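Asks: One structure, as structure tokens, below. Some questions next.
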Amino acid sequence: MPDLISSIVDYYNYLIYITLMMIGLYAMIAKKNLVKKIVGMNIFQTAIILFYVSIGAKKGATIPIIQHGHGEGADEITSSVIKAAEYINPLPHVLMLTAIVVAVATLGVALALAIKVYNRYETLEEDEILAQIREK
Amino acid sequence: MIWQLDLAILTLVVVAAIGAITIKDLLGSAILFGAYSFMMCLLWSIMGAVDVAFTEASVGAGVSTIFFVAAVFRTTRRTKD
């Protein structure tokens, strides 16, 4: 039991990311409204992005920019050894930057489709749309 | 990374996410989603991912919220769940 509690305290951030992910999944599956489903999809995406960015974080590290890397005194800094352990890993950041842009493109297409569905069926509720399709 | 600040903002993120999917008004859902995105941006600047935080503040909290509000005004605010 103490092991369980200490592991929960140690990994509280991962547990909250999984909670967020499950909130998004629940909204995508259980909610009937199309805009609510799209909100759920976005929450799911940002939870995954949050998980990836948190992998790159380190204790006691600074942001991945070399101080005075340009201009005066740049030569002595670049000639000295740069310790990678003092900097946060920037690779997950760069990958997730692409994911954010893809997420907003997906959101635009999804909302455009939702507007088209509304223009045709005069409702955004999934069950009413399905009932109208069955009547035809 | 300051863990107290991290935990407080993570709690706010979860609250904003639950609010965005349970509120019975689509415009309110869009606004709460904007708040969620902004909290996410704060979380990333705490983790030291400043470039991701910049992009999220402009694209996630800005453009996404405008898209949602525009879509809600072109369709309806009414929702059953």
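As shown in the structure tokens, the chain order sets the letters A, B, ...; within each chain, residues go from 1, and ligands are also counted from 1 in the order they appear.
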Would you mind listing, as a list in words, all residues of chain A that have at least one atom within 7 Å of chain B, where only C-alpha atoms are what counts?
Replies: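 Every residue of chain A that passes the 7 Å test is in Leu20, Ala27, Lys31, Lys32, Asn33, Lys36, Ser54, Ala57, Lys59, Ile63, His93, Leu97, Val104, Gly108, Leu111, Ile115 and Tyr118 of chain A.
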Asks: I need the residue nearest Ile100 (chain A) from this list: B:Ile66, B:Leu12, B:Leu5, B:Ala57. Use only C-alpha atoms for the distance.
Replies: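 For Ile100 (chain A), the nearest of the candidates is B:Ala57.
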Asks: CA of Glu86 (chain A) and CA of Ala61 (chain A) are how many Å apart?
Replies: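 Those two atoms sit 4.7 Å apart.
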